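A.B. asks: My structure is below; once you've seen it, I'll send some questions.
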Amino acid sequence: MVDADAARRISDRLAAVRVRVRSAAEACGREPSSVRVLLATKTQPLDLVRAAILAGGTLIGENRVQELVDKGPGLTDLSCEVHLIGHLQSNKLNQVLPWATCVQTVDSVELARRLASRASDAGRVLDVMIQVNVSGEESKFGVPPASAADLVRQVVALPGVRLCGFMTVGARSSDTDVIRSGYARLRAVRDETVGSAMAGTADAVELSMGMSDDLELAIAEGSTMVRVGTAVFGARPTP
Ligand SMILES: *Cc1c(COP(=O)(O)O)cnc(C)c1O
């Protein structure tokens, strides 16, 4: 159990994040409820994750499959959705399906095929997002924006997965114009996808973008899901 002070801190910080989301949405004429808050819980212990859900969090994002597997069983009594938001290696695929309702980091057709086949075997349809590298930074995963349409075509043809949108990690920059234009690029990919009216693209509406430091910029560019870690949990414990 976490002590009452720690639980209150998390609850207060989550409330503060919701205020930021609301202000940012209203500032650009959007409905605040059109932006969901995903709690990025990497390296956070189970009891803090539970405290955040009890404080009203409904959506959890884990980066590593091992953390998904370690914390998953301790969350089944609570009502929350769990997404994988970190890079997925194909030898870990089996362990993802029982715990995640959505894999946000699909960036190759091989990965999509494998997930689709596992999901079909399990009699499920798995939600996926395509990860796009909007900044072009070499350290980042994701397909280049110019290759996204190709991957979309291949993913929507697969039974076993449902394409529900796009995810990106914003540019590492102090220049807000650079960060914003990256987010605008992801929105353009989403708009072109849905606008194509191709079968299987109608649900691809989510834009998972924006983190603790830049969620206002992402919301201004249409984010439907901000992924927030430190703003709710404080500094991450070093693993
Ligand atoms: C850690 C992480 C976040 C949250 O970052 P904060 O700056 O702590 O809010 C969001 N998305 C991904 C993919 C992450 O790895």
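In the structure tokens, each chain is lettered A, B, ... as it comes, each chain's residues begin at 1, and ligands are numbered from 1 in order of appearance.
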So which residues touch Trp99 (chain A) within 9 Å, counting only C-alpha atoms, skipping near sequence neighbours fewer than 2 positions away, as a list in words?

C.D. replies: Leu68, Val69, Gly72, Pro73, Val82, His83, Gln95, Val96, Leu97 and Thr101 of chain A

A.B. asks: Would you put the residues from that selection into a file with N, CA, C and O atoms, as a PDB file, in the first residue's frame?

C.D. replies:
ATOM      1  N   LEU A  68       4.602  -4.886 -18.289  1.00  0.00           N
ATOM      2  CA  LEU A  68       3.214  -5.239 -18.591  1.00  0.00           C
ATOM      3  C   LEU A  68       2.851  -6.547 -17.886  1.00  0.00           C
ATOM      4  O   LEU A  68       1.808  -6.673 -17.248  1.00  0.00           O
ATOM      5  N   VAL A  69       3.753  -7.509 -18.007  1.00  0.00           N
ATOM      6  CA  VAL A  69       3.532  -8.840 -17.438  1.00  0.00           C
ATOM      7  C   VAL A  69       3.613  -8.801 -15.906  1.00  0.00           C
ATOM      8  O   VAL A  69       2.832  -9.450 -15.214  1.00  0.00           O
ATOM      9  N   GLY A  72       0.475  -6.434 -14.744  1.00  0.00           N
ATOM     10  CA  GLY A  72      -0.851  -6.796 -15.243  1.00  0.00           C
ATOM     11  C   GLY A  72      -1.729  -7.522 -14.235  1.00  0.00           C
ATOM     12  O   GLY A  72      -2.871  -7.107 -13.981  1.00  0.00           O
ATOM     13  N   PRO A  73      -1.216  -8.599 -13.609  1.00  0.00           N
ATOM     14  CA  PRO A  73      -2.064  -9.358 -12.682  1.00  0.00           C
ATOM     15  C   PRO A  73      -2.527  -8.525 -11.483  1.00  0.00           C
ATOM     16  O   PRO A  73      -3.585  -8.805 -10.917  1.00  0.00           O
ATOM     17  N   VAL A  82      -5.139  -1.073 -20.693  1.00  0.00           N
ATOM     18  CA  VAL A  82      -3.680  -1.021 -20.701  1.00  0.00           C
ATOM     19  C   VAL A  82      -3.165  -1.062 -22.143  1.00  0.00           C
ATOM     20  O   VAL A  82      -3.528  -1.947 -22.918  1.00  0.00           O
ATOM     21  N   HIS A  83      -2.342  -0.087 -22.490  1.00  0.00           N
ATOM     22  CA  HIS A  83      -1.753  -0.028 -23.830  1.00  0.00           C
ATOM     23  C   HIS A  83      -0.253  -0.251 -23.745  1.00  0.00           C
ATOM     24  O   HIS A  83       0.366   0.119 -22.754  1.00  0.00           O
ATOM     25  N   GLN A  95       3.606 -12.515 -24.883  1.00  0.00           N
ATOM     26  CA  GLN A  95       3.327 -12.024 -23.535  1.00  0.00           C
ATOM     27  C   GLN A  95       2.469 -10.762 -23.536  1.00  0.00           C
ATOM     28  O   GLN A  95       1.960 -10.364 -22.508  1.00  0.00           O
ATOM     29  N   VAL A  96       2.331 -10.142 -24.707  1.00  0.00           N
ATOM     30  CA  VAL A  96       1.611  -8.871 -24.777  1.00  0.00           C
ATOM     31  C   VAL A  96       0.101  -9.062 -24.755  1.00  0.00           C
ATOM     32  O   VAL A  96      -0.627  -8.371 -24.044  1.00  0.00           O
ATOM     33  N   LEU A  97      -0.333 -10.034 -25.553  1.00  0.00           N
ATOM     34  CA  LEU A  97      -1.766 -10.181 -25.798  1.00  0.00           C
ATOM     35  C   LEU A  97      -2.630 -10.313 -24.548  1.00  0.00           C
ATOM     36  O   LEU A  97      -3.696  -9.703 -24.485  1.00  0.00           O
ATOM     37  N   THR A 101      -4.749  -4.093 -24.385  1.00  0.00           N
ATOM     38  CA  THR A 101      -5.882  -3.992 -25.304  1.00  0.00           C
ATOM     39  C   THR A 101      -5.482  -3.267 -26.575  1.00  0.00           C
ATOM     40  O   THR A 101      -6.205  -3.314 -27.561  1.00  0.00           O
TER      41      THR A 101
END

A.B. asks: Please return as a list of chain:residue names the residues found within 7 Å of ligand 1, counting only C-alpha atoms and all ligand atoms.

C.D. replies: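 Listing the residues within 7 Å of ligand 1 gives A:Ala40, A:Lys42, A:Asn63, A:Ile85, A:Gly86, A:Val169, A:Met211, A:Ser212, A:Asp213, A:Arg227, A:Val228, A:Gly229, A:Thr230, A:Ala231.
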
A.B. asks: Looking at A:Gln66, A:Ser181, A:Ser208, A:Thr193, which one is nearest to Val134 (chain A), with distances taken over only C-alpha atoms?

C.D. replies: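 Once distances to Val134 (chain A) are computed over only C-alpha atoms, the minimum belongs to A:Ser181.
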
A.B. asks: Which polymer residues have any atom within 6 Å of an atom of Asn133 (chain A), counting only C-alpha atoms, with same-chain residues fewer than 5 positions away left out, as a list of chain:residue names?

C.D. replies: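 Skipping anything fewer than 5 positions along the chain leaves A:Gly142, A:Val143, A:Pro144.
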
A.B. asks: If you keep N, CA and C atoms, can you produce a file of those selected residues as a short mmCIF file (atom, residue, chain, number, x, y, z; two decimals), in the first residue's frame?

C.D. replies:
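The resulting selection.cif:
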data_model
loop_
_atom_site.label_atom_id
_atom_site.label_comp_id
_atom_site.auth_asym_id
_atom_site.auth_seq_id
_atom_site.Cartn_x
_atom_site.Cartn_y
_atom_site.Cartn_z
N GLY A 142 9.45 4.16 -35.35
CA GLY A 142 8.32 4.65 -36.12
C GLY A 142 8.65 4.74 -37.59
N VAL A 143 7.61 4.68 -38.42
CA VAL A 143 7.83 4.82 -39.86
C VAL A 143 7.90 6.30 -40.21
N PRO A 144 8.64 6.65 -41.26
CA PRO A 144 8.61 8.04 -41.70
C PRO A 144 7.20 8.39 -42.19
#

A.B. asks: Just want the 12 Å neighbourhood of Met209 (chain A), counted on only C-alpha atoms, with same-chain residues fewer than 5 positions away dropped. Output as a VMD selection string.

C.D. replies: chain A and resid 35 to 38 85 104 129 131 to 134 165 to 171 179 to 180 182 to 187 214 to 228

A.B. asks: Residues near Val65 (chain A), anyone? I mean within 9 Å using only C-alpha atoms, not counting same-chain ones fewer than 5 positions away, as a VMD selection string.

C.D. replies: chain A and resid 70 84 86 to 89 92 to 93 95 to 96

A.B. asks: Of the candidates A:Ala157, A:Ala202, A:Pro145, A:Arg162, which one gets nearest to Val189 (chain A) if we count only C-alpha atoms?

C.D. replies: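 Looking at the shortest contact to Val189 (chain A), the residue is A:Pro145.
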
A.B. asks: Taking 4 positions as the minimum chain separation for residues in the same chain, which residues sit within 9 Å of Ser117 (chain A) when counting only C-alpha atoms? Answer as a list of chain:residue names.

C.D. replies: A:Ala112, A:Arg113, A:Asp121, A:Ala122, A:Leu158, A:Pro159, A:Gly160, A:Val161

A.B. asks: Which one of A:Thr105, A:Pro98, A:Arg18, A:Thr176 sits closest to Gly123 (chain A) if you count only C-alpha atoms?

C.D. replies: A:Pro98

A.B. asks: Could you pull out the helix (DSSP H, G or I) residues of region 70-166 of chain A, going by DSSP on the backbone, and write them as a PDB file with C-alpha atoms, in the first residue's frame?

C.D. replies:
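Here's the written file selection23.pdb:
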ATOM      1  CA  ASP A  70       4.726  -7.949 -13.933  1.00  0.00           C
ATOM      2  CA  LYS A  71       2.024  -5.375 -13.164  1.00  0.00           C
ATOM      3  CA  GLY A  72      -0.851  -6.796 -15.243  1.00  0.00           C
ATOM      4  CA  PRO A  73      -2.064  -9.358 -12.682  1.00  0.00           C
ATOM      5  CA  GLY A  74      -2.128  -6.675  -9.975  1.00  0.00           C
ATOM      6  CA  LEU A  75      -4.515  -4.508 -11.982  1.00  0.00           C
ATOM      7  CA  SER A  90       8.852  -9.967 -31.886  1.00  0.00           C
ATOM      8  CA  ASN A  91      10.118 -12.570 -29.402  1.00  0.00           C
ATOM      9  CA  LYS A  92       7.928 -10.917 -26.735  1.00  0.00           C
ATOM     10  CA  LEU A  93       4.688 -10.982 -28.711  1.00  0.00           C
ATOM     11  CA  ASN A  94       3.127 -13.857 -26.824  1.00  0.00           C
ATOM     12  CA  GLN A  95       3.327 -12.024 -23.535  1.00  0.00           C
ATOM     13  CA  VAL A  96       1.611  -8.871 -24.777  1.00  0.00           C
ATOM     14  CA  VAL A 109       4.082  -4.982 -41.493  1.00  0.00           C
ATOM     15  CA  GLU A 110       5.916  -8.000 -40.037  1.00  0.00           C
ATOM     16  CA  LEU A 111       5.029  -6.908 -36.524  1.00  0.00           C
ATOM     17  CA  ALA A 112       1.438  -6.192 -37.530  1.00  0.00           C
ATOM     18  CA  ARG A 113       1.146  -9.617 -39.179  1.00  0.00           C
ATOM     19  CA  ARG A 114       2.465 -11.421 -36.141  1.00  0.00           C
ATOM     20  CA  LEU A 115       0.170  -9.542 -33.775  1.00  0.00           C
ATOM     21  CA  ALA A 116      -2.804 -10.162 -36.047  1.00  0.00           C
ATOM     22  CA  SER A 117      -2.091 -13.852 -36.214  1.00  0.00           C
ATOM     23  CA  ARG A 118      -1.699 -14.170 -32.409  1.00  0.00           C
ATOM     24  CA  ALA A 119      -4.888 -12.197 -31.851  1.00  0.00           C
ATOM     25  CA  SER A 120      -6.814 -14.337 -34.348  1.00  0.00           C
ATOM     26  CA  ASP A 121      -5.547 -17.488 -32.645  1.00  0.00           C
ATOM     27  CA  PRO A 145       5.439  10.026 -42.466  1.00  0.00           C
ATOM     28  CA  ALA A 146       5.903   9.334 -46.186  1.00  0.00           C
ATOM     29  CA  SER A 147       5.727   5.564 -45.589  1.00  0.00           C
ATOM     30  CA  ALA A 148       2.699   5.640 -43.316  1.00  0.00           C
ATOM     31  CA  ALA A 149       0.095   5.262 -46.081  1.00  0.00           C
ATOM     32  CA  ASP A 150       1.771   2.086 -47.301  1.00  0.00           C
ATOM     33  CA  LEU A 151       1.753   0.527 -43.862  1.00  0.00           C
ATOM     34  CA  VAL A 152      -1.860   1.596 -43.333  1.00  0.00           C
ATOM     35  CA  ARG A 153      -2.882  -0.272 -46.495  1.00  0.00           C
ATOM     36  CA  GLN A 154      -1.195  -3.442 -45.268  1.00  0.00           C
ATOM     37  CA  VAL A 155      -2.440  -3.225 -41.678  1.00  0.00           C
ATOM     38  CA  VAL A 156      -6.099  -2.647 -42.515  1.00  0.00           C
TER      39      VAL A 156
END

A.B. asks: Could you find all residues in region 46-179 of chain A that DSSP calls strand (DSSP E or B) from the backbone, and write them as a PyMOL selection string?

C.D. replies: chain A and resi 59-62+81-84+102-106+126-132+143+161-167

A.B. asks: Could you list, as a PyMOL selection string, every residue within 8 Å of Ala52 (chain A), counting only C-alpha atoms and ignoring same-chain residues fewer than 6 positions away?

C.D. replies: chain A and resi 7+10-11+14

A.B. asks: Go through A:Arg30, A:Arg172, A:Cys164, A:Gly57 one by one, measure the shortest atom-to-atom distance of each to Glu137 (chain A) using only C-alpha atoms, and give the residue with the smallest value.

C.D. replies: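 Looking only at the distances to Glu137 (chain A), the closest residue turns out to be A:Arg172.
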
A.B. asks: Calculated over only C-alpha atoms, which of the candidates A:Ser173, A:Glu138, A:Val128, A:Leu78 has the smallest distance to Thr201 (chain A)?

C.D. replies: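 Comparing A:Ser173, A:Glu138, A:Val128, A:Leu78 against Thr201 (chain A), the winner is A:Val128.
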
A.B. asks: What is the distance, in Å and to one decimal place, between CA of Leu39 (chain A) and CA of Ala51 (chain A)?

C.D. replies: 11.5 Å

A.B. asks: What does the distance between CA of Leu163 (chain A) and CA of Glu206 (chain A) come to in Å, to one decimal place?

C.D. replies: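 CA of Glu206 (chain A) lies 9.3 Å from CA of Leu163 (chain A).
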